[in-house]
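Here is target07.tsv, consisting of TSV, C-alpha atoms:
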chain	number	residue	atom	x	y	z
A	96	MET	CA	94.36	-2.03	-93.79
A	97	LYS	CA	92.55	1.05	-92.56
A	98	PRO	CA	90.18	1.36	-95.57
A	99	ARG	CA	89.16	-2.27	-95.06
A	100	ASN	CA	88.40	-1.60	-91.38
A	101	ASP	CA	86.43	1.51	-92.32
A	102	GLU	CA	84.43	-0.57	-94.79
A	103	THR	CA	83.63	-3.14	-92.10
A	104	TYR	CA	82.51	-0.43	-89.67
A	105	MET	CA	80.32	1.05	-92.39
A	106	LYS	CA	78.69	-2.35	-93.00
A	107	ILE	CA	78.04	-2.74	-89.26
A	108	ALA	CA	76.34	0.66	-89.14
A	109	LEU	CA	74.26	-0.05	-92.25
A	110	THR	CA	73.12	-3.48	-91.03
A	111	SER	CA	72.06	-1.94	-87.69
A	112	LEU	CA	70.08	0.80	-89.45
A	113	SER	CA	68.44	-1.63	-91.88
A	114	ALA	CA	67.57	-4.04	-89.05
A	115	MET	CA	65.93	-1.25	-87.04
A	116	VAL	CA	63.75	-0.32	-90.02
A	117	ALA	CA	62.81	-3.96	-90.69
A	118	GLU	CA	62.14	-4.79	-87.02
A	119	THR	CA	59.89	-1.78	-86.47
A	120	SER	CA	57.94	-2.54	-89.65
A	121	THR	CA	57.25	-6.20	-88.84
A	122	PHE	CA	57.26	-6.33	-85.01
A	123	PRO	CA	53.45	-6.78	-84.61
A	124	ILE	CA	53.70	-9.99	-86.65
A	125	ASP	CA	56.43	-11.26	-84.32
A	126	LEU	CA	54.25	-10.51	-81.29
A	127	ILE	CA	51.32	-12.43	-82.81
A	128	LYS	CA	53.65	-15.35	-83.61
A	129	THR	CA	54.86	-15.47	-79.98
A	130	ARG	CA	51.31	-15.37	-78.60
A	131	LEU	CA	50.29	-18.18	-80.98
A	132	GLN	CA	53.21	-20.36	-79.86
A	133	LEU	CA	52.31	-19.82	-76.20
A	134	HIS	CA	48.61	-20.48	-76.84
A	135	GLY	CA	47.46	-23.80	-75.39
A	136	GLU	CA	50.71	-24.33	-73.50
A	137	SER	CA	50.28	-27.66	-71.69
A	138	LEU	CA	46.51	-27.43	-72.11
A	139	SER	CA	45.27	-30.22	-74.39
A	140	SER	CA	41.68	-28.93	-74.27
A	141	SER	CA	42.55	-25.36	-75.19
A	142	ARG	CA	40.37	-23.80	-77.90
A	143	SER	CA	42.15	-23.43	-81.21
A	144	THR	CA	42.88	-19.95	-82.46
A	145	THR	CA	44.27	-18.11	-85.48
A	146	ALA	CA	46.69	-15.27	-86.10
A	147	PHE	CA	43.84	-12.90	-87.01
A	148	ARG	CA	41.92	-13.77	-83.83
A	149	VAL	CA	45.01	-13.22	-81.69
A	150	ALA	CA	45.64	-9.83	-83.33
A	151	ALA	CA	42.02	-8.76	-82.85
A	152	GLU	CA	42.06	-9.74	-79.16
A	153	ILE	CA	45.31	-7.83	-78.54
A	154	VAL	CA	43.88	-4.64	-80.06
A	155	ARG	CA	40.50	-5.04	-78.34
A	156	ILE	CA	41.80	-5.84	-74.85
A	157	GLU	CA	45.19	-4.11	-74.68
A	158	GLY	CA	44.94	-1.41	-77.33
A	159	PRO	CA	46.82	-0.86	-80.64
A	160	LEU	CA	50.09	0.14	-78.95
A	161	ALA	CA	50.25	-3.31	-77.33
A	162	LEU	CA	51.25	-4.65	-80.76
A	163	TYR	CA	54.63	-3.00	-80.12
A	164	LYS	CA	55.15	-4.25	-76.56
A	165	GLY	CA	58.76	-5.44	-76.34
A	166	LEU	CA	59.97	-3.39	-79.34
A	167	SER	CA	62.80	-1.65	-77.45
A	168	PRO	CA	64.64	-4.88	-76.41
A	169	ALA	CA	63.96	-6.27	-79.90
A	170	ILE	CA	65.75	-3.31	-81.50
A	171	LEU	CA	68.53	-3.51	-78.90
A	172	ARG	CA	68.96	-7.19	-79.77
A	173	HIS	CA	69.32	-6.42	-83.46
A	174	LEU	CA	72.01	-3.81	-82.78
A	175	PHE	CA	74.17	-6.79	-81.75
A	176	TYR	CA	72.63	-9.78	-83.51
A	177	THR	CA	72.22	-8.57	-87.07
A	178	PRO	CA	75.62	-6.88	-87.61
A	179	ILE	CA	77.47	-9.88	-86.18
A	180	ARG	CA	75.65	-12.46	-88.32
A	181	ILE	CA	75.48	-10.44	-91.56
A	182	VAL	CA	78.96	-8.92	-91.54
A	183	GLY	CA	80.38	-12.10	-89.99
A	184	TYR	CA	78.82	-14.21	-92.74
A	185	GLU	CA	80.29	-12.00	-95.44
A	186	LEU	CA	83.76	-12.06	-93.89
A	187	LEU	CA	83.68	-15.86	-93.43
A	188	ARG	CA	82.28	-16.37	-96.93
A	189	ASN	CA	85.08	-14.31	-98.47
A	190	ALA	CA	87.62	-16.22	-96.39
A	191	PHE	CA	86.15	-19.50	-97.71
A	192	LEU	CA	86.58	-18.28	-101.32
A	193	ASP	CA	90.38	-18.56	-101.11
A	194	GLY	CA	90.87	-18.04	-104.83
A	195	HIS	CA	87.67	-19.79	-105.94
A	196	ASP	CA	84.95	-18.00	-107.89
A	197	SER	CA	82.15	-19.02	-105.52
A	198	VAL	CA	81.33	-20.97	-102.37
A	199	SER	CA	79.16	-24.09	-102.56
A	200	LEU	CA	75.64	-24.03	-101.08
A	201	SER	CA	76.73	-26.39	-98.28
A	202	GLY	CA	79.68	-24.10	-97.52
A	203	LYS	CA	77.37	-21.08	-97.36
A	204	ALA	CA	74.99	-23.00	-95.10
A	205	LEU	CA	77.82	-23.82	-92.69
A	206	VAL	CA	79.12	-20.24	-92.69
A	207	GLY	CA	75.59	-18.92	-92.15
A	208	GLY	CA	75.00	-21.28	-89.22
A	209	ILE	CA	78.30	-20.39	-87.53
A	210	SER	CA	77.77	-16.63	-87.85
A	211	GLY	CA	74.23	-17.02	-86.50
A	212	VAL	CA	75.40	-18.99	-83.44
A	213	ILE	CA	78.02	-16.37	-82.52
A	214	ALA	CA	75.53	-13.53	-82.92
A	215	GLN	CA	72.83	-15.27	-80.89
A	216	VAL	CA	75.07	-15.99	-77.90
A	217	VAL	CA	75.87	-12.27	-77.69
A	218	ALA	CA	72.27	-11.10	-78.19
A	219	SER	CA	70.46	-13.77	-76.12
A	220	PRO	CA	69.73	-11.57	-73.04
A	221	ALA	CA	67.90	-8.97	-75.18
A	222	ASP	CA	65.95	-11.77	-76.86
A	223	LEU	CA	64.94	-13.12	-73.43
A	224	VAL	CA	63.69	-9.70	-72.31
A	225	LYS	CA	61.67	-9.31	-75.52
A	226	VAL	CA	59.96	-12.72	-75.13
A	227	ARG	CA	59.20	-12.12	-71.41
A	228	MET	CA	57.57	-8.78	-72.23
A	229	GLN	CA	55.50	-10.33	-75.03
A	230	ALA	CA	54.41	-13.22	-72.78
A	231	ASP	CA	53.58	-10.71	-70.03
A	232	GLY	CA	51.19	-8.98	-72.39
A	233	GLN	CA	49.38	-12.27	-72.89
A	234	MET	CA	48.95	-12.67	-69.12
A	235	ALA	CA	47.48	-9.17	-68.89
A	236	SER	CA	45.02	-9.97	-71.68
A	237	GLN	CA	43.81	-12.95	-69.62
A	238	GLY	CA	43.06	-10.75	-66.61
A	239	LEU	CA	46.23	-11.77	-64.72
A	240	GLN	CA	48.56	-9.30	-63.05
A	241	SER	CA	51.52	-8.16	-65.16
A	242	ARG	CA	54.89	-9.38	-63.95
A	243	TYR	CA	56.95	-6.51	-65.36
A	244	SER	CA	56.67	-2.73	-65.75
A	245	GLY	CA	59.26	-2.46	-68.52
A	246	ALA	CA	62.46	-3.81	-70.05
A	247	PHE	CA	64.72	-2.72	-67.16
A	248	ASP	CA	62.30	-4.26	-64.65
A	249	VAL	CA	62.52	-7.55	-66.56
A	250	VAL	CA	66.33	-7.53	-66.38
A	251	ASN	CA	66.30	-6.57	-62.69
A	252	LYS	CA	63.84	-9.32	-61.69
A	253	ILE	CA	65.60	-11.99	-63.75
A	254	ILE	CA	68.95	-11.21	-62.09
A	255	ARG	CA	67.36	-11.04	-58.63
A	256	THR	CA	65.40	-14.30	-58.87
A	257	GLU	CA	67.43	-16.36	-61.35
A	258	GLY	CA	70.92	-14.86	-61.10
A	259	PHE	CA	73.05	-13.19	-63.77
A	260	ARG	CA	73.22	-16.46	-65.70
A	261	GLY	CA	69.43	-16.33	-65.89
A	262	LEU	CA	69.81	-13.72	-68.64
A	263	TRP	CA	71.05	-16.55	-70.86
A	264	LYS	CA	68.13	-18.87	-70.06
A	265	GLY	CA	67.13	-20.67	-73.22
A	266	VAL	CA	70.47	-19.92	-74.87
A	267	PHE	CA	70.83	-23.50	-76.14
A	268	PRO	CA	67.49	-23.68	-77.99
A	269	ASN	CA	68.24	-20.09	-79.02
A	270	VAL	CA	71.55	-21.14	-80.54
A	271	GLN	CA	69.98	-24.16	-82.23
A	272	ARG	CA	67.35	-21.93	-83.78
A	273	ALA	CA	69.93	-19.31	-84.79
A	274	PHE	CA	72.03	-21.95	-86.55
A	275	LEU	CA	69.01	-23.26	-88.48
A	276	VAL	CA	67.58	-19.81	-89.30
A	277	ASN	CA	70.84	-18.41	-90.59
A	278	MET	CA	71.73	-21.62	-92.38
A	279	GLY	CA	68.47	-21.33	-94.30
A	280	GLU	CA	68.20	-17.55	-94.52
A	281	LEU	CA	71.70	-16.32	-95.36
A	282	ALA	CA	72.77	-19.24	-97.53
A	283	CYS	CA	69.47	-19.29	-99.42
A	284	TYR	CA	69.38	-15.52	-99.95
A	285	ASP	CA	72.99	-15.43	-101.12
A	286	HIS	CA	72.61	-18.46	-103.40
A	287	ALA	CA	69.17	-17.50	-104.75
A	288	LYS	CA	70.22	-13.95	-105.59
A	289	ARG	CA	73.29	-15.16	-107.46
A	290	PHE	CA	71.24	-17.81	-109.28
A	291	VAL	CA	68.71	-15.19	-110.41
A	292	THR	CA	71.33	-12.67	-111.52
A	293	GLN	CA	73.76	-15.13	-113.13
A	294	ASN	CA	70.95	-16.74	-115.14
A	295	GLN	CA	69.85	-13.24	-116.19
A	296	ILE	CA	66.32	-13.72	-114.81
A	297	CYS	CA	66.70	-10.16	-113.55
A	298	GLY	CA	69.49	-7.84	-112.52
A	299	ASP	CA	70.96	-7.18	-109.08
A	300	ASN	CA	68.04	-4.96	-108.08
A	301	ILE	CA	64.87	-4.89	-106.00
A	302	TYR	CA	63.34	-7.73	-108.05
A	303	SER	CA	66.14	-10.19	-107.39
A	304	HIS	CA	66.27	-9.08	-103.75
A	305	THR	CA	62.52	-9.72	-103.39
A	306	LEU	CA	62.66	-13.18	-105.00
A	307	ALA	CA	65.68	-14.19	-102.92
A	308	SER	CA	64.13	-12.93	-99.66
A	309	ILE	CA	60.89	-14.90	-100.25
A	310	MET	CA	62.82	-18.12	-100.93
A	311	SER	CA	65.13	-17.65	-97.96
A	312	GLY	CA	62.19	-16.85	-95.68
A	313	LEU	CA	60.43	-20.11	-96.54
A	314	SER	CA	63.63	-22.10	-96.09
A	315	ALA	CA	64.48	-20.49	-92.76
A	316	THR	CA	60.94	-20.99	-91.41
A	317	ALA	CA	60.75	-24.66	-92.33
A	318	PHE	CA	64.09	-25.39	-90.63
A	319	SER	CA	63.67	-23.24	-87.56
A	320	CYS	CA	60.00	-23.37	-86.50
A	321	PRO	CA	60.30	-26.38	-84.11
A	322	ALA	CA	63.35	-24.85	-82.42
A	323	ASP	CA	61.55	-21.50	-82.28
A	324	VAL	CA	58.57	-23.01	-80.46
A	325	VAL	CA	60.85	-24.68	-77.88
A	326	LYS	CA	62.94	-21.51	-77.52
A	327	THR	CA	59.89	-19.32	-76.96
A	328	ARG	CA	58.42	-21.63	-74.31
A	329	MET	CA	61.73	-22.07	-72.49
A	330	MET	CA	62.37	-18.32	-72.38
A	331	SER	CA	58.83	-17.29	-71.42
A	332	GLN	CA	58.64	-19.50	-68.32
A	333	ALA	CA	59.45	-17.97	-64.95
A	334	ILE	CA	60.56	-19.79	-61.81
A	335	SER	CA	57.67	-20.27	-59.36
A	336	LYS	CA	57.88	-19.34	-55.67
A	337	GLU	CA	58.58	-23.01	-54.93
A	338	GLY	CA	61.59	-22.81	-57.25
A	339	LYS	CA	60.02	-25.04	-59.92
A	340	ALA	CA	59.83	-24.49	-63.69
A	341	MET	CA	57.38	-25.95	-66.19
A	342	TYR	CA	60.22	-27.41	-68.28
A	343	ASN	CA	63.51	-28.86	-67.04
A	344	ASN	CA	65.35	-28.39	-70.34
A	345	SER	CA	64.83	-28.06	-74.09
A	346	PHE	CA	64.26	-31.78	-74.60
A	347	ASP	CA	61.70	-31.87	-71.78
A	348	CYS	CA	59.89	-28.94	-73.40
A	349	LEU	CA	59.93	-30.73	-76.78
A	350	VAL	CA	58.53	-33.96	-75.31
A	351	LYS	CA	55.79	-32.23	-73.28
A	352	THR	CA	54.73	-30.10	-76.23
A	353	VAL	CA	54.38	-33.12	-78.54
A	354	ARG	CA	52.71	-35.25	-75.84
A	355	VAL	CA	50.10	-32.63	-74.92
A	356	GLU	CA	49.49	-30.89	-78.24
A	357	GLY	CA	50.75	-33.28	-80.91
A	358	LEU	CA	53.60	-33.16	-83.43
A	359	ARG	CA	52.00	-30.36	-85.45
A	360	ALA	CA	52.41	-28.07	-82.44
A	361	LEU	CA	56.14	-27.84	-83.28
A	362	TRP	CA	55.14	-25.86	-86.37
A	363	LYS	CA	52.64	-23.75	-84.46
A	364	GLY	CA	52.92	-20.21	-85.71
A	365	PHE	CA	54.43	-21.29	-89.06
A	366	PHE	CA	52.39	-18.84	-91.13
A	367	PRO	CA	53.02	-15.75	-88.95
A	368	THR	CA	56.68	-16.81	-88.68
A	369	TRP	CA	57.01	-16.89	-92.46
A	370	ALA	CA	54.72	-13.86	-92.81
A	371	ARG	CA	57.21	-11.98	-90.63
A	372	LEU	CA	60.41	-13.42	-92.08
A	373	GLY	CA	59.32	-12.61	-95.63
A	374	PRO	CA	58.50	-8.92	-95.07
A	375	TRP	CA	61.40	-8.54	-92.59
A	376	GLN	CA	63.89	-9.85	-95.08
A	377	PHE	CA	62.35	-7.84	-97.90
A	378	VAL	CA	62.60	-4.59	-95.93
A	379	PHE	CA	66.03	-5.46	-94.54
A	380	TRP	CA	67.69	-6.65	-97.73
A	381	VAL	CA	66.23	-3.96	-99.98
A	382	SER	CA	67.24	-1.29	-97.44
A	383	TYR	CA	70.66	-2.79	-96.81
A	384	GLU	CA	71.52	-3.27	-100.47
A	385	ARG	CA	70.36	0.29	-101.21
A	386	PHE	CA	72.33	1.75	-98.30
A	387	ARG	CA	75.43	-0.12	-99.48
A	388	GLN	CA	74.98	1.31	-102.94
A	389	LEU	CA	74.63	4.85	-101.58
A	390	ALA	CA	77.73	4.32	-99.43
A	391	GLY	CA	79.71	3.18	-102.46
A	392	LEU	CA	80.02	-0.44	-101.29
A	393	SER	CA	79.63	-3.51	-103.49
A	394	SER	CA	76.49	-5.65	-103.42
A	395	PHE	CA	76.18	-8.25	-100.62

Since I need it in another form, could you write the structure as structure tokens?
Amino acid sequence: MKPRNDETYMKIALTSLSAMVAETSTFPIDLIKTRLQLHGESLSSSRSTTAFRVAAEIVRIEGPLALYKGLSPAILRHLFYTPIRIVGYELLRNAFLDGHDSVSLSGKALVGGISGVIAQVVASPADLVKVRMQADGQMASQGLQSRYSGAFDVVNKIIRTEGFRGLWKGVFPNVQRAFLVNMGELACYDHAKRFVTQNQICGDNIYSHTLASIMSGLSATAFSCPADVVKTRMMSQAISKEGKAMYNNSFDCLVKTVRVEGLRALWKGFFPTWARLGPWQFVFWVSYERFRQLAGLSSF
């Protein structure tokens, strides 16, 4: 029993390390995606923009280091989120095998969604802090006063003004997104990699990992982008002095977004979302699979 526990702990450590490498490498893309999703919020006449224009404005107005604003809570989030969903998926998948050679794609999708939901509930406060810090940077770029001085100040002000439960604001759209992302990402990566290797297109190496990560990134983005837009807007809003919020709930946010900006607004930030998911998964999966190999563990 002990060797199995040691193996699980090793996987948790390796997923955390791989996630830190991937998050640091791709964080500027995530920041640009968040700014794009907040652009034009409830302003039907807002001038259209692009990912490149957003990036240029951040560097010009706030400086290059602003591209990493919110990195610390993002890494903290992945120390909880990624190990739970990755290791949890593998444990649930193996439990689903129960003597069978493989799990069906629908079974993998269900397992991926469940593991993602559990991980997101635990990591939601860190995700909230990250989004608030990214949104705060946008306010500063518009000449408005910053709301927060750092990650701890965000936590302190949320608890003081919104209560301890305020740290889980947006948890429901967060969970919805986590289910969809992990359903698409984990199931697709797992299934695609096995399809590529079993059909001898290439071996279980960096080439199959790259192909599988690209396919899973597209799948996860298509499923999750609408929920991601709602989640970002719900989590970025702060309660006004009068005690009012822009959105009452996730559905209200969805309706107002479509009414003001149109249906296509639900896929706002699709390209930077996929542009981040693709590289993130490439860096993560290549690192993770390599670390597992060095640690003497079997392939994912």

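Atom pair CA of Ile209 in chain A / CA of Phe274 in chain A has a distance of 6.5 Å (rounded to one decimal).
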
Report task. Name all residues at most 12 Å from Cys297 in chain A (count all atoms listed in the file; drop same-chain ones fewer than 6 positions away) and give them as number ranges by chain. Result -> A: 287-291, 303-307

Let's have the selection written as a short mmCIF file (atom, residue, chain, number, x, y, z; two decimals), in the coordinates of the input, with C-alpha atoms.
data_model
loop_
_atom_site.label_atom_id
_atom_site.label_comp_id
_atom_site.auth_asym_id
_atom_site.auth_seq_id
_atom_site.Cartn_x
_atom_site.Cartn_y
_atom_site.Cartn_z
CA ALA A 287 69.17 -17.50 -104.75
CA LYS A 288 70.22 -13.95 -105.59
CA ARG A 289 73.29 -15.16 -107.46
CA PHE A 290 71.24 -17.81 -109.28
CA VAL A 291 68.71 -15.19 -110.41
CA SER A 303 66.14 -10.19 -107.39
CA HIS A 304 66.27 -9.08 -103.75
CA THR A 305 62.52 -9.72 -103.39
CA LEU A 306 62.66 -13.18 -105.00
CA ALA A 307 65.68 -14.19 -102.92
#

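If you look at CA of Thr110 in chain A and CA of Phe259 in chain A, they are 28.9 Å away from each other.
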
Query raised in the report: Counting all atoms listed in the file, what is within 9 Å of Asn300 in chain A, bar same-chain residues fewer than 6 positions away, as a ChimeraX atom specification?
Result: /A:381,384-385

**Report entry** Within 9 Å of Ala230 in chain A using only C-alpha atoms, minus same-chain residues under 6 positions, as an MDAnalysis selection string
**Finding:** chainID A and resid 126 129:130 133 331:332

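Among the candidate residues A:Gly373, A:Gly279, A:Pro321, A:Gly298, the one lying nearest to Ser201 in chain A is A:Gly279, with distances computed using only C-alpha atoms.
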
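The gap separating CA of Val149 in chain A from CA of Ala360 in chain A is 16.6 Å, in Å to one decimal.
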
**Report entry** Non-local contacts of Val116 in chain A (12 Å; all atoms listed in the file; under 6 positions in same chain excluded) as a ChimeraX atom specification
**Finding:** /A:109-110,122,166,169-170,173-174,374-383

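Residues in contact range of Leu200 in chain A, defined as at most 8 Å between all atoms listed in the file, with sequence neighbours fewer than 2 positions away removed, read Val198, Gly202, Lys203, Ala204, Ala282, Cys283 and His286 of chain A.
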
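Using all atoms listed in the file, the smallest distance between any of A:Asp231, A:Val212, A:Glu337, A:Ala218 and Thr256 in chain A comes from A:Glu337.
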